[in-house]
Each structure stands twice: as C-alpha cells, then as structure tokens.
>>> print(open('data-v9.txt').read())   # compact mmCIF, C-alpha atoms and all ligand atoms
# COMPACT_ATOMS: atom_id res chain seq x y z
CA MET A 1 0.00 0.00 0.00
CA ARG A 2 1.19 3.53 -0.78
CA TRP A 3 0.80 6.14 1.97
CA ALA A 4 0.01 9.85 1.83
CA LEU A 5 0.53 12.46 4.54
CA ILE A 6 -1.79 15.40 4.03
CA THR A 7 -1.39 18.34 6.38
CA GLY A 8 -4.68 20.25 6.44
CA GLY A 9 -6.32 16.96 5.38
CA THR A 10 -9.21 17.53 7.77
CA ASP A 11 -10.84 20.37 5.83
CA GLY A 12 -11.06 22.24 2.52
CA ILE A 13 -8.63 21.41 -0.26
CA GLY A 14 -6.57 18.96 1.82
CA ARG A 15 -9.60 17.02 2.85
CA ALA A 16 -10.73 16.65 -0.76
CA VAL A 17 -7.23 15.38 -1.67
CA ALA A 18 -7.43 12.88 1.20
CA GLY A 19 -10.81 11.62 -0.02
CA GLN A 20 -9.58 11.14 -3.58
CA LEU A 21 -6.38 9.35 -2.53
CA ALA A 22 -8.29 7.11 -0.11
CA ALA A 23 -10.82 6.25 -2.83
CA ALA A 24 -7.89 5.20 -5.03
CA GLY A 25 -6.77 2.70 -2.36
CA ASN A 26 -3.92 4.60 -0.70
CA GLY A 27 -3.37 4.77 3.05
CA VAL A 28 -3.99 8.32 4.20
CA LEU A 29 -2.78 10.28 7.25
CA ILE A 30 -4.59 13.57 7.80
CA VAL A 31 -3.43 16.43 10.02
CA GLY A 32 -5.30 19.31 11.66
CA THR A 33 -5.56 21.07 15.01
CA ASN A 34 -9.26 20.61 15.74
CA ASN A 35 -9.69 17.13 17.13
CA ALA A 36 -13.47 16.87 16.81
CA LYS A 37 -13.36 18.05 13.18
CA GLY A 38 -10.48 15.69 12.44
CA ILE A 39 -12.25 12.65 13.90
CA ARG A 40 -15.32 13.52 11.83
CA ALA A 41 -13.23 13.85 8.69
CA GLU A 42 -11.46 10.53 9.36
CA ARG A 43 -14.83 8.76 9.81
CA GLU A 44 -16.43 10.32 6.74
CA ILE A 45 -13.45 9.72 4.44
CA ARG A 46 -13.38 6.04 5.53
CA ARG A 47 -17.11 5.73 4.94
CA ASP A 48 -17.17 7.49 1.57
CA SER A 49 -14.06 5.78 0.17
CA GLY A 50 -14.68 2.31 1.63
CA ASN A 51 -11.02 2.44 2.75
CA SER A 52 -10.31 1.89 6.46
CA HIS A 53 -6.66 3.02 6.19
CA VAL A 54 -7.41 6.65 7.02
CA TYR A 55 -5.98 8.03 10.26
CA LEU A 56 -6.04 11.40 11.99
CA LEU A 57 -2.74 12.68 13.39
CA PRO A 58 -3.57 15.86 15.35
CA ALA A 59 -0.81 18.48 15.34
CA ASP A 60 -0.50 22.25 15.59
CA LEU A 61 1.86 23.15 12.77
CA THR A 62 2.37 26.70 13.92
CA LEU A 63 5.01 25.01 16.11
CA LEU A 64 8.21 23.47 14.83
CA SER A 65 8.24 21.13 17.81
CA GLU A 66 4.92 19.77 16.55
CA ALA A 67 6.27 19.36 13.00
CA HIS A 68 9.12 17.28 14.44
CA ARG A 69 6.77 15.23 16.64
CA LEU A 70 4.51 14.63 13.65
CA ALA A 71 7.45 13.39 11.58
CA ASP A 72 8.31 10.88 14.32
CA GLU A 73 4.71 9.71 14.46
CA VAL A 74 4.50 9.29 10.69
CA GLU A 75 7.65 7.17 10.78
CA SER A 76 6.13 4.88 13.39
CA ARG A 77 2.72 4.66 11.69
CA CYS A 78 3.42 3.86 8.05
CA ASP A 79 5.75 2.51 5.43
CA GLY A 80 6.51 5.72 3.56
CA PRO A 81 5.05 8.24 2.99
CA HIS A 82 5.07 8.15 -0.81
CA TYR A 83 3.06 11.35 -1.08
CA LEU A 84 3.39 14.50 1.03
CA VAL A 85 0.87 17.30 0.57
CA HIS A 86 1.25 20.57 2.47
CA SER A 87 -2.23 22.04 2.62
CA ALA A 88 -2.36 23.14 6.27
CA GLY A 89 -2.75 26.87 6.27
CA MET A 90 -4.57 29.83 7.67
CA VAL A 91 -4.49 33.59 7.27
CA ARG A 92 -4.52 35.54 10.52
CA GLY A 93 -5.26 39.24 10.08
CA HIS A 94 -3.13 40.39 13.00
CA ARG A 95 0.38 39.72 14.21
CA VAL A 96 0.56 36.83 16.66
CA LEU A 97 3.84 35.28 17.78
CA THR A 98 3.95 31.55 18.37
CA ALA A 99 5.36 30.27 21.66
CA GLU A 100 8.55 29.66 19.65
CA GLY A 101 8.82 33.33 18.70
CA VAL A 102 7.81 33.17 15.02
CA GLU A 103 5.04 35.20 13.35
CA SER A 104 2.18 32.69 13.14
CA ASN A 105 1.24 33.11 9.44
CA PHE A 106 4.85 32.50 8.40
CA ALA A 107 5.17 29.62 10.89
CA VAL A 108 2.24 27.54 9.70
CA ASN A 109 2.16 28.47 6.02
CA TYR A 110 5.89 28.11 5.37
CA LEU A 111 8.33 27.31 8.18
CA SER A 112 6.72 24.11 9.47
CA ARG A 113 6.48 22.94 5.83
CA PHE A 114 10.22 23.39 5.50
CA ALA A 115 10.88 21.56 8.79
CA LEU A 116 8.46 18.68 8.16
CA THR A 117 9.67 18.15 4.60
CA ASN A 118 13.32 17.99 5.63
CA ARG A 119 12.56 15.60 8.49
CA LEU A 120 10.59 13.30 6.15
CA LEU A 121 13.03 13.36 3.22
CA PRO A 122 14.87 10.13 4.22
CA LEU A 123 11.49 8.33 4.45
CA LEU A 124 10.33 9.74 1.12
CA GLN A 125 13.60 8.69 -0.45
CA ALA A 126 13.32 5.17 1.00
CA ALA A 127 9.75 4.90 -0.35
CA SER A 128 10.81 5.87 -3.88
CA ARG A 129 11.08 3.14 -6.53
CA PRO A 130 12.51 3.37 -10.06
CA GLY A 131 9.89 5.15 -12.15
CA ARG A 132 7.80 5.88 -9.04
CA SER A 133 9.46 8.66 -7.07
CA ALA A 134 7.91 9.88 -3.88
CA ARG A 135 6.32 13.27 -4.56
CA ILE A 136 5.71 16.42 -2.54
CA VAL A 137 3.10 19.04 -3.42
CA LEU A 138 2.89 22.43 -1.74
CA VAL A 139 -0.43 24.25 -1.87
CA GLY A 140 0.69 27.82 -2.55
CA GLY A 141 -1.07 31.01 -3.55
CA ALA A 142 -1.38 33.67 -6.23
CA VAL A 143 1.72 35.73 -5.33
CA ARG A 144 4.50 35.63 -7.96
CA LYS A 145 6.98 38.02 -6.45
CA GLY A 146 6.33 38.90 -2.80
CA PRO A 147 9.24 40.24 -0.80
CA ILE A 148 10.66 38.11 2.02
CA HIS A 149 11.63 40.48 4.83
CA TYR A 150 14.87 38.82 5.89
CA HIS A 151 15.75 41.62 8.33
CA ASP A 152 12.30 41.55 9.94
CA ILE A 153 10.80 38.13 9.21
CA ASN A 154 8.22 38.59 12.01
CA LEU A 155 7.00 41.86 10.45
CA THR A 156 7.45 43.77 13.70
CA LYS A 157 7.36 47.02 11.73
CA GLY A 158 4.19 47.59 9.74
CA PHE A 159 2.44 44.22 9.86
CA THR A 160 -0.39 43.95 7.36
CA THR A 161 -2.25 40.84 6.25
CA VAL A 162 -1.19 41.41 2.65
CA ARG A 163 2.51 41.68 3.59
CA ALA A 164 2.23 38.49 5.63
CA ILE A 165 0.55 36.62 2.75
CA ARG A 166 3.03 37.88 0.14
CA GLN A 167 5.93 36.84 2.34
CA PHE A 168 4.84 33.27 3.08
CA GLN A 169 3.63 32.63 -0.46
CA GLN A 170 6.92 33.80 -1.93
CA ALA A 171 8.74 31.60 0.59
CA ASN A 172 6.78 28.61 -0.74
CA ASN A 173 7.61 29.58 -4.32
CA VAL A 174 11.32 29.86 -3.59
CA PHE A 175 11.39 26.71 -1.43
CA THR A 176 9.88 24.66 -4.28
CA VAL A 177 12.73 25.60 -6.62
CA GLU A 178 15.50 25.45 -4.03
CA LEU A 179 14.54 22.03 -2.66
CA ALA A 180 14.25 20.66 -6.21
CA ARG A 181 17.75 22.03 -6.94
CA ARG A 182 19.18 20.36 -3.83
CA LEU A 183 17.41 17.03 -4.46
CA HIS A 184 18.70 17.02 -8.03
CA ARG A 185 22.25 17.81 -6.91
CA ALA A 186 22.12 14.94 -4.40
CA ALA A 187 20.59 12.60 -7.03
CA THR A 188 17.66 12.01 -4.65
CA PRO A 189 14.64 10.55 -6.47
CA VAL A 190 12.04 12.71 -4.70
CA THR A 191 10.24 15.51 -6.49
CA ILE A 192 8.45 18.68 -5.40
CA THR A 193 5.93 20.87 -7.20
CA CYS A 194 3.74 23.77 -6.10
CA LEU A 195 0.09 24.32 -7.01
CA ARG A 196 -1.29 27.86 -6.86
CA PRO A 197 -5.08 27.66 -6.48
CA GLY A 198 -7.40 30.50 -7.41
CA MET A 199 -10.29 31.14 -5.07
CA VAL A 200 -11.64 27.90 -3.59
CA ALA A 201 -14.86 27.58 -1.58
CA THR A 202 -13.43 26.58 1.82
CA ASN A 203 -13.26 27.82 5.40
CA VAL A 204 -9.87 29.47 4.98
CA ARG A 205 -11.44 32.92 5.30
CA ARG A 206 -12.49 32.48 8.95
CA ASN A 207 -9.53 34.44 10.37
CA PHE A 208 -9.32 36.97 7.52
CA PRO A 209 -9.62 40.66 8.43
CA ARG A 210 -13.11 41.95 7.84
CA TRP A 211 -12.38 43.69 4.48
CA MET A 212 -10.93 40.47 3.05
CA ARG A 213 -13.90 38.41 4.23
CA TRP A 214 -16.21 40.88 2.50
CA ALA A 215 -14.22 40.73 -0.73
CA VAL A 216 -14.23 36.94 -0.71
CA THR A 217 -17.94 36.80 0.16
CA LEU A 218 -18.76 39.05 -2.81
CA ALA A 219 -16.46 37.41 -5.35
CA GLY A 220 -16.74 33.82 -4.11
CA PRO A 221 -20.04 32.82 -5.73
CA LEU A 222 -18.75 34.08 -9.10
CA VAL A 223 -15.26 32.61 -9.18
CA ALA A 224 -14.65 30.11 -6.35
CA LEU A 225 -14.04 26.50 -7.37
CA PRO A 226 -15.26 23.55 -5.32
CA PRO A 227 -12.33 22.00 -3.38
CA LYS A 228 -12.64 18.70 -5.24
CA ARG A 229 -11.58 20.33 -8.53
CA THR A 230 -8.44 21.86 -7.00
CA ALA A 231 -7.80 18.53 -5.27
CA ALA A 232 -7.99 16.68 -8.58
CA SER A 233 -5.09 18.79 -9.88
CA ILE A 234 -3.05 18.00 -6.78
CA VAL A 235 -3.75 14.29 -7.21
CA THR A 236 -2.61 14.61 -10.83
CA LEU A 237 0.68 16.15 -9.68
CA LEU A 238 1.09 13.34 -7.14
CA CYS A 239 0.07 10.29 -9.15
CA ASP A 240 0.04 10.91 -12.90
CA PRO A 241 2.96 9.09 -14.60
CA ALA A 242 3.22 12.06 -17.00
CA PHE A 243 4.64 14.11 -14.09
CA GLU A 244 7.22 11.51 -13.00
CA GLY A 245 10.59 13.20 -12.47
CA LEU A 246 9.22 16.73 -12.80
CA SER A 247 10.52 18.87 -9.95
CA GLY A 248 10.76 22.54 -9.00
CA ALA A 249 7.78 23.44 -11.21
CA HIS A 250 4.80 25.64 -10.43
CA PHE A 251 1.23 25.10 -11.62
CA SER A 252 -1.93 27.08 -11.18
CA HIS A 253 -5.58 26.14 -11.14
CA VAL A 254 -7.74 29.24 -11.30
CA ARG A 255 -10.14 28.18 -14.03
CA ARG A 256 -8.11 25.29 -15.35
CA PHE A 257 -4.98 23.42 -14.40
CA LYS A 258 -1.87 24.69 -16.20
CA PRO A 259 1.86 25.39 -15.72
CA ALA A 260 2.64 28.72 -14.07
CA ARG A 261 5.71 30.90 -14.54
CA VAL A 262 7.27 32.27 -11.34
CA PRO A 263 10.60 33.76 -12.50
CA ALA A 264 11.31 35.46 -9.15
CA ALA A 265 11.51 32.05 -7.46
CA HIS A 266 14.44 30.89 -9.59
CA ARG A 267 17.30 33.06 -8.30
CA PRO A 268 19.79 30.69 -6.63
CA GLU A 269 20.99 33.40 -4.21
CA GLU A 270 17.40 33.86 -2.98
CA GLY A 271 17.04 30.11 -2.48
CA ALA A 272 20.27 29.94 -0.48
CA LYS A 273 19.22 32.92 1.63
CA LEU A 274 15.80 31.47 2.44
CA TRP A 275 17.38 28.10 3.28
CA ALA A 276 19.83 29.77 5.70
CA LEU A 277 17.01 31.76 7.31
CA SER A 278 14.88 28.64 7.75
CA GLU A 279 17.71 26.65 9.32
CA HIS A 280 18.51 29.59 11.56
CA LEU A 281 14.91 29.82 12.77
CA ILE A 282 14.78 26.09 13.45
CA ALA A 283 18.04 26.17 15.38
CA HIS A 284 16.91 29.26 17.26
CA THR A 285 13.55 27.81 18.30
CA GLN A 286 15.25 24.61 19.50
CA GLN A 287 17.44 26.70 21.80
CA ARG A 288 14.69 28.95 23.11
CA THR A 289 14.27 29.47 26.80
CA ALA A 290 12.25 32.72 26.91
CA PRO A 291 8.96 32.34 25.05
CA ARG A 292 7.29 34.93 22.83
CA ARG A 293 10.18 37.15 21.92
CA ASP A 294 10.70 37.96 18.27
CA VAL A 295 13.40 35.92 16.57
CA THR A 296 15.95 37.89 14.56
CA PHE A 297 18.14 37.03 11.59
CA ARG A 298 20.97 38.76 9.76
CA PRO A 299 20.88 37.62 6.13
CA ASN A 300 24.60 36.86 5.96
CA GLU A 301 24.46 34.73 9.05
CA SER A 302 23.98 31.00 8.59
CA SER A 303 23.09 28.75 11.47
N1 LIG B 401 -9.33 28.57 -0.31
C1 LIG B 401 -8.70 29.40 -1.12
O1 LIG B 401 -9.32 30.22 -1.81
C2 LIG B 401 -7.20 29.34 -1.22
C3 LIG B 401 -6.57 30.12 -2.21
C4 LIG B 401 -5.20 30.10 -2.32
C5 LIG B 401 -4.46 29.29 -1.47
N2 LIG B 401 -5.09 28.56 -0.51
C6 LIG B 401 -4.24 27.75 0.38
O2 LIG B 401 -4.69 26.42 0.39
C7 LIG B 401 -4.33 25.78 1.62
C8 LIG B 401 -5.54 25.06 2.17
O3 LIG B 401 -6.53 26.01 2.50
P1 LIG B 401 -8.08 25.66 2.50
O4 LIG B 401 -8.71 26.66 1.62
O5 LIG B 401 -8.29 24.23 2.26
O6 LIG B 401 -8.41 26.07 4.03
P2 LIG B 401 -9.32 25.37 5.13
O7 LIG B 401 -10.57 24.83 4.56
O8 LIG B 401 -9.42 26.36 6.22
O9 LIG B 401 -8.42 24.13 5.61
C9 LIG B 401 -7.22 24.37 6.26
C10 LIG B 401 -6.69 23.08 6.85
O10 LIG B 401 -5.46 23.38 7.50
C11 LIG B 401 -5.53 22.93 8.85
N3 LIG B 401 -4.75 23.82 9.70
C12 LIG B 401 -4.91 25.16 9.88
N4 LIG B 401 -4.03 25.62 10.79
C13 LIG B 401 -3.30 24.54 11.17
C14 LIG B 401 -2.24 24.35 12.10
N5 LIG B 401 -1.76 25.36 12.85
N6 LIG B 401 -1.73 23.11 12.23
C15 LIG B 401 -2.21 22.06 11.53
N7 LIG B 401 -3.21 22.18 10.64
C16 LIG B 401 -3.76 23.40 10.48
C17 LIG B 401 -7.02 22.98 9.19
O11 LIG B 401 -7.33 22.12 10.28
P3 LIG B 401 -7.90 22.72 11.66
O12 LIG B 401 -9.02 23.65 11.30
O13 LIG B 401 -8.29 21.53 12.45
O14 LIG B 401 -6.73 23.43 12.27
C18 LIG B 401 -7.60 22.47 7.89
O15 LIG B 401 -7.52 21.07 7.84
C19 LIG B 401 -3.82 26.90 2.52
O16 LIG B 401 -2.42 26.85 2.51
C20 LIG B 401 -4.33 28.16 1.84
O17 LIG B 401 -3.49 29.27 2.10
C21 LIG B 401 -6.43 28.55 -0.37
>>> encode(input="data-v9.txt", output="structure tokens")
Amino acid sequence: MRWALITGGTDGIGRAVAGQLAAAGNGVLIVGTNNAKGIRAEREIRRDSGNSHVYLLPADLTLLSEAHRLADEVESRCDGPHYLVHSAGMVRGHRVLTAEGVESNFAVNYLSRFALTNRLLPLLQAASRPGRSARIVLVGGAVRKGPIHYHDINLTKGFTTVRAIRQFQQANNVFTVELARRLHRAATPVTITCLRPGMVATNVRRNFPRWMRWAVTLAGPLVALPPKRTAASIVTLLCDPAFEGLSGAHFSHVRRFKPARVPAAHRPEEGAKLWALSEHLIAHTQQRTAPRRDVTFRPNESS
C-alpha cells in the first residue's frame, strides 16, 4: 500500500485530496488542530471511500516542535510516505507570535512545511522506486513576487495581512525551486511541485480581516471553485505518470490546471538565503528558553 501524509487533510482542499487518494486505495494520514473536526473527517473519508486506512494525526503546525513530533509519528505509523501534501494553512489578520517566537502566518504556512519536509526526506527517499518517485506538493497562492523580509521576518514594523501573505507565499515559491535544486544535486529521487489555487470555496477565510472576508464573500459565488476540482489537480501532480521526475515546477488552477511561470523564485541566491534563514529559525527555536520574543536574523548569518 502507498501512503500519503496530508497536512490540512481535515478540511477544505486537503480534505478533498485525502478523499480522492483514499478512494484510489492509498493509506492516508490527515493532520489538523481541531480534534473533533479531524475525527469527523477521518470517519467520513473512511465511509465514503470504503477504505479503512485513514488516520487522523492531530498536530498544531504553527510550532516546529509539533512538526518534528509529527514526523516521528509518521515514521512509526506507516511505510513511507510516498506522497506529502502541504495544505495546512490559515491567514490571521493580525500579528501573533507563536510560543517559539515566530510570526504565526509564516510559521504555519511556510516554516513548518520546510521543517516537516526535511525531516521526512529520508522516508520519502526510501519509499521511492525506479519510475515511481515519492512526490511532494505544496499548496501555494497567487503571489508571484512577494518580498521576504529577511531583516524583519516577524513583520514587527508595519504588519499587514497582505505583507504576511506575500511573504509566506513567496517563501513557498522559492522553497519549491531550491529544494528541487538540492534534491537534483544529491541525485535524490524525490520531487516537489507547487500548485497555486485560485479562489476555492473553503473555510480558509475564517480568520481573515473583515475587508478580506467581504471581498471573498462578494467574489466567491462568481469565481470560487469547489475543493474537489483543486484537489484533482493536486492528485494529478502526485500520481500521474506524466509528471514523474518533474521537480521545481509551479502550476496554477484558477479556471483550469496549467503550468505557471514564477521567475522570481528561480534566483539561486534567494534560495540559499531562504534556506539559511529557515535553518537559523529552526536552530533558534530549539534553543529557546524565553517564550514569545521575536526571533531575529541577519541575512549573511547562517546557522
Ligand atoms: N481557499 C482558497 O481560496 C485558497 C486560495 C489560495 C491558497 N489557498 C491555500 O490552500 C491551503 C488550504 O486552505 P483551504 O482553503 O483548504 O483552508 P481550510 O478549509 O481552512 O483548511 C485548512 C486546513 O489546515 C488545517 N490547519 C490550519 N491551521 C493549522 C495548524 N496550525 N496546524 C495544523 N493544521 C492546520 C485545518 O485544520 P484545523 O481547522 O483543524 O486546524 C484544515 O484542515 C492553505 O495553505 C491556503 O493558504 C487557499
């Protein structure tokens, strides 16, 4: 049996991916913070797919410690994973620091993805077979060129929701290309791609600031896709033999699924800088003693 780990698999896009992979006979591990919702999702996906190999692994991925604990649990629970989908995400309209000192939007929508992916890479590599590489898909967003504020990653000066979104989405764009570059250099048969959905009819808006909720409420009925259509594109990226070996590529699914160009994600110096920042933040949070103080980073400093 092939196994999939789907963060955010208890709701929205991730849940639809989990349902489709379970229906195709894969073992599925779903992750979310809300236990009651997760248990419901686990039960319903089992019922609807007729597949009993669906398990909830609760974790709060705003915390790196939780990403590491989750990786350990995945290792003990399954042979794999063969598929890793990062769909856990939220948009918080005000600045909140995690207990590890990282701005919470950046923590859950990018940094824990970096940490979890790197912890699971040996397992993904071991699960790969000739012609059937393990695959990673990041669920990204519409931003093509958001700045990453290396000198103020927690946005202590002038936090806005839009700045936070642009920063974490660009981090996902750059990470996709940089990880692919490193996997290729190490001849590791694991691939990564990033899907940029348009508007999808999910609960993601619940923590949006009021103006964004209004905008989404007005535009949603006209343009929002049902999650199952976005999920079908993710399943294509994970399972379709036509995408075997393709890595570091971006796709979008606004009206239809197609390749996307994100030139700003391809600068090697940006990839190296983001990698150094991410390792620094992980090292810093592991050494923390005083909670809820902003972490800092000087771009030329590597951990
Ligand atoms: N919907 C859109 O229009 C849209 C557009 C562009 C990009 N996206 C991106 O697509 C991804 C999925 O969003 P969605 O629309 O499917 O949202 P959603 O319906 O709100 O689902 C989000 C999922 O992430 C989980 N999650 C949230 N915070 C978490 C945390 N701290 N730790 C672990 N799991 C957490 C949620 O579980 P709990 O509720 O139990 O925590 C839920 O399973 C996100 O990255 C989002 O930014 C969405």
>>> residues_near_ligand(input="data-v9.txt", ligand="ligand LIG 401 (chain B)", cutoff="8 Å", atoms="only C-alpha atoms and all ligand atoms", output="VMD selection string")
chain A and resid 7 to 15 31 to 35 37 to 38 58 to 63 86 to 91 108 to 109 139 to 142 196 to 206 224 227
>>> closest_residue(input="data-v9.txt", among="A:Leu195, A:Ala134, A:Ile30, A:Leu274", to="Ala18 of chain A", atoms="all atoms listed in the file")
A:Ile30
>>> residues_around(input="data-v9.txt", residues="segment 181-192 of chain A", least_positions_apart="5", cutoff="10 Å", atoms="all atoms listed in the file", output="ChimeraX atom specification")
/A:82-85,121-122,124-138,175-176,237-238,243-250,266,268,271
>>> atom_distance(input="data-v9.txt", atom1="atom CA of Asn173 of chain A", atom2="atom CA of Gly146 of chain A")
9.5 Å
>>> closest_residue(input="data-v9.txt", among="A:Ala22, A:Leu120, A:Ala180, A:Cys78", to="Asn51 of chain A", atoms="all atoms listed in the file")
A:Ala22
>>> closest_residue(input="data-v9.txt", among="A:Leu29, A:Ile39, A:Ala265, A:Val17", to="Glu178 of chain A", atoms="all atoms listed in the file")
A:Ala265
>>> closest_residue(input="data-v9.txt", among="A:Ala67, A:Ala24, A:Met212, A:Ile282", to="Gly93 of chain A", atoms="all atoms listed in the file")
A:Met212
>>> residues_around(input="data-v9.txt", residues="Glu270 of chain A", least_positions_apart="6", cutoff="10 Å", atoms="all atoms listed in the file", output="PyMOL selection string")
chain A and resi 148+171+174-175+178+264+276
>>> residues_around(input="data-v9.txt", residues="Thr98 of chain A", least_positions_apart="6", cutoff="10 Å", atoms="only C-alpha atoms", output="list of chain:residue names")
A:Thr62, A:Leu63, A:Leu64, A:Ser104, A:Asn105, A:Ala107, A:Val108, A:Pro291, A:Arg292, A:Arg293, A:Asp294
>>> closest_residue(input="data-v9.txt", among="A:Pro81, A:Asp48, A:Arg40, A:Arg255", to="Pro226 of chain A", atoms="all atoms listed in the file")
A:Arg255
>>> closest_residue(input="data-v9.txt", among="A:Asn154, A:Thr117, A:Asn26, A:Ser76", to="Val295 of chain A", atoms="only C-alpha atoms")
A:Asn154
>>> atom_distance(input="data-v9.txt", atom1="atom CA of Val177 of chain A", atom2="atom CA of Trp275 of chain A")
11.2 Å
>>> atom_distance(input="data-v9.txt", atom1="atom CA of Trp211 of chain A", atom2="atom CA of Arg95 of chain A")
16.5 Å
>>> residues_around(input="data-v9.txt", residues="His53 of chain A", least_positions_apart="6", cutoff="10 Å", atoms="all atoms listed in the file", output="PDB file with C-alpha atoms, in the frame of the given file")
ATOM      1  CA  MET A   1       0.000   0.000   0.000  1.00  0.00           C
ATOM      2  CA  TRP A   3       0.800   6.140   1.970  1.00  0.00           C
ATOM      3  CA  ALA A  22      -8.290   7.110  -0.110  1.00  0.00           C
ATOM      4  CA  GLY A  25      -6.770   2.700  -2.360  1.00  0.00           C
ATOM      5  CA  ASN A  26      -3.920   4.600  -0.700  1.00  0.00           C
ATOM      6  CA  GLY A  27      -3.370   4.770   3.050  1.00  0.00           C
ATOM      7  CA  VAL A  28      -3.990   8.320   4.200  1.00  0.00           C
ATOM      8  CA  LEU A  29      -2.780  10.280   7.250  1.00  0.00           C
ATOM      9  CA  GLU A  42     -11.460  10.530   9.360  1.00  0.00           C
ATOM     10  CA  ILE A  45     -13.450   9.720   4.440  1.00  0.00           C
ATOM     11  CA  ARG A  46     -13.380   6.040   5.530  1.00  0.00           C
TER      12      ARG A  46
END
>>> decode(input="data-v9.txt", residues="segment 219-291 of chain A", atoms="C-alpha atoms", output="PDB file, in the first residue's frame")
ATOM      1  CA  ALA A 219     -16.457  37.411  -5.349  1.00  0.00           C
ATOM      2  CA  GLY A 220     -16.744  33.825  -4.106  1.00  0.00           C
ATOM      3  CA  PRO A 221     -20.039  32.823  -5.727  1.00  0.00           C
ATOM      4  CA  LEU A 222     -18.748  34.083  -9.103  1.00  0.00           C
ATOM      5  CA  VAL A 223     -15.262  32.607  -9.185  1.00  0.00           C
ATOM      6  CA  ALA A 224     -14.650  30.113  -6.355  1.00  0.00           C
ATOM      7  CA  LEU A 225     -14.044  26.504  -7.366  1.00  0.00           C
ATOM      8  CA  PRO A 226     -15.261  23.547  -5.320  1.00  0.00           C
ATOM      9  CA  PRO A 227     -12.335  21.996  -3.376  1.00  0.00           C
ATOM     10  CA  LYS A 228     -12.641  18.697  -5.244  1.00  0.00           C
ATOM     11  CA  ARG A 229     -11.579  20.335  -8.528  1.00  0.00           C
ATOM     12  CA  THR A 230      -8.445  21.858  -6.998  1.00  0.00           C
ATOM     13  CA  ALA A 231      -7.803  18.533  -5.273  1.00  0.00           C
ATOM     14  CA  ALA A 232      -7.991  16.677  -8.581  1.00  0.00           C
ATOM     15  CA  SER A 233      -5.087  18.795  -9.877  1.00  0.00           C
ATOM     16  CA  ILE A 234      -3.055  18.002  -6.777  1.00  0.00           C
ATOM     17  CA  VAL A 235      -3.749  14.288  -7.208  1.00  0.00           C
ATOM     18  CA  THR A 236      -2.611  14.611 -10.827  1.00  0.00           C
ATOM     19  CA  LEU A 237       0.680  16.150  -9.675  1.00  0.00           C
ATOM     20  CA  LEU A 238       1.089  13.336  -7.141  1.00  0.00           C
ATOM     21  CA  CYS A 239       0.068  10.287  -9.148  1.00  0.00           C
ATOM     22  CA  ASP A 240       0.045  10.907 -12.899  1.00  0.00           C
ATOM     23  CA  PRO A 241       2.964   9.088 -14.601  1.00  0.00           C
ATOM     24  CA  ALA A 242       3.223  12.055 -16.995  1.00  0.00           C
ATOM     25  CA  PHE A 243       4.643  14.110 -14.086  1.00  0.00           C
ATOM     26  CA  GLU A 244       7.220  11.509 -12.998  1.00  0.00           C
ATOM     27  CA  GLY A 245      10.594  13.199 -12.467  1.00  0.00           C
ATOM     28  CA  LEU A 246       9.222  16.727 -12.800  1.00  0.00           C
ATOM     29  CA  SER A 247      10.516  18.868  -9.947  1.00  0.00           C
ATOM     30  CA  GLY A 248      10.757  22.541  -9.003  1.00  0.00           C
ATOM     31  CA  ALA A 249       7.780  23.438 -11.210  1.00  0.00           C
ATOM     32  CA  HIS A 250       4.799  25.636 -10.433  1.00  0.00           C
ATOM     33  CA  PHE A 251       1.235  25.101 -11.624  1.00  0.00           C
ATOM     34  CA  SER A 252      -1.932  27.085 -11.183  1.00  0.00           C
ATOM     35  CA  HIS A 253      -5.582  26.145 -11.140  1.00  0.00           C
ATOM     36  CA  VAL A 254      -7.739  29.241 -11.300  1.00  0.00           C
ATOM     37  CA  ARG A 255     -10.142  28.184 -14.029  1.00  0.00           C
ATOM     38  CA  ARG A 256      -8.113  25.288 -15.351  1.00  0.00           C
ATOM     39  CA  PHE A 257      -4.980  23.416 -14.402  1.00  0.00           C
ATOM     40  CA  LYS A 258      -1.867  24.692 -16.202  1.00  0.00           C
ATOM     41  CA  PRO A 259       1.859  25.394 -15.723  1.00  0.00           C
ATOM     42  CA  ALA A 260       2.645  28.721 -14.069  1.00  0.00           C
ATOM     43  CA  ARG A 261       5.714  30.898 -14.536  1.00  0.00           C
ATOM     44  CA  VAL A 262       7.268  32.269 -11.340  1.00  0.00           C
ATOM     45  CA  PRO A 263      10.599  33.756 -12.495  1.00  0.00           C
ATOM     46  CA  ALA A 264      11.312  35.462  -9.146  1.00  0.00           C
ATOM     47  CA  ALA A 265      11.514  32.047  -7.457  1.00  0.00           C
ATOM     48  CA  HIS A 266      14.438  30.888  -9.588  1.00  0.00           C
ATOM     49  CA  ARG A 267      17.302  33.062  -8.304  1.00  0.00           C
ATOM     50  CA  PRO A 268      19.794  30.690  -6.625  1.00  0.00           C
ATOM     51  CA  GLU A 269      20.986  33.400  -4.208  1.00  0.00           C
ATOM     52  CA  GLU A 270      17.402  33.863  -2.979  1.00  0.00           C
ATOM     53  CA  GLY A 271      17.035  30.111  -2.483  1.00  0.00           C
ATOM     54  CA  ALA A 272      20.266  29.939  -0.482  1.00  0.00           C
ATOM     55  CA  LYS A 273      19.218  32.915   1.630  1.00  0.00           C
ATOM     56  CA  LEU A 274      15.799  31.465   2.436  1.00  0.00           C
ATOM     57  CA  TRP A 275      17.384  28.104   3.282  1.00  0.00           C
ATOM     58  CA  ALA A 276      19.826  29.775   5.697  1.00  0.00           C
ATOM     59  CA  LEU A 277      17.011  31.756   7.306  1.00  0.00           C
ATOM     60  CA  SER A 278      14.878  28.643   7.751  1.00  0.00           C
ATOM     61  CA  GLU A 279      17.713  26.651   9.321  1.00  0.00           C
ATOM     62  CA  HIS A 280      18.514  29.592  11.563  1.00  0.00           C
ATOM     63  CA  LEU A 281      14.906  29.821  12.770  1.00  0.00           C
ATOM     64  CA  ILE A 282      14.776  26.091  13.452  1.00  0.00           C
ATOM     65  CA  ALA A 283      18.045  26.173  15.385  1.00  0.00           C
ATOM     66  CA  HIS A 284      16.914  29.261  17.263  1.00  0.00           C
ATOM     67  CA  THR A 285      13.549  27.806  18.298  1.00  0.00           C
ATOM     68  CA  GLN A 286      15.246  24.614  19.502  1.00  0.00           C
ATOM     69  CA  GLN A 287      17.443  26.697  21.800  1.00  0.00           C
ATOM     70  CA  ARG A 288      14.687  28.952  23.106  1.00  0.00           C
ATOM     71  CA  THR A 289      14.267  29.470  26.799  1.00  0.00           C
ATOM     72  CA  ALA A 290      12.255  32.723  26.913  1.00  0.00           C
ATOM     73  CA  PRO A 291       8.963  32.338  25.050  1.00  0.00           C
TER      74      PRO A 291
END
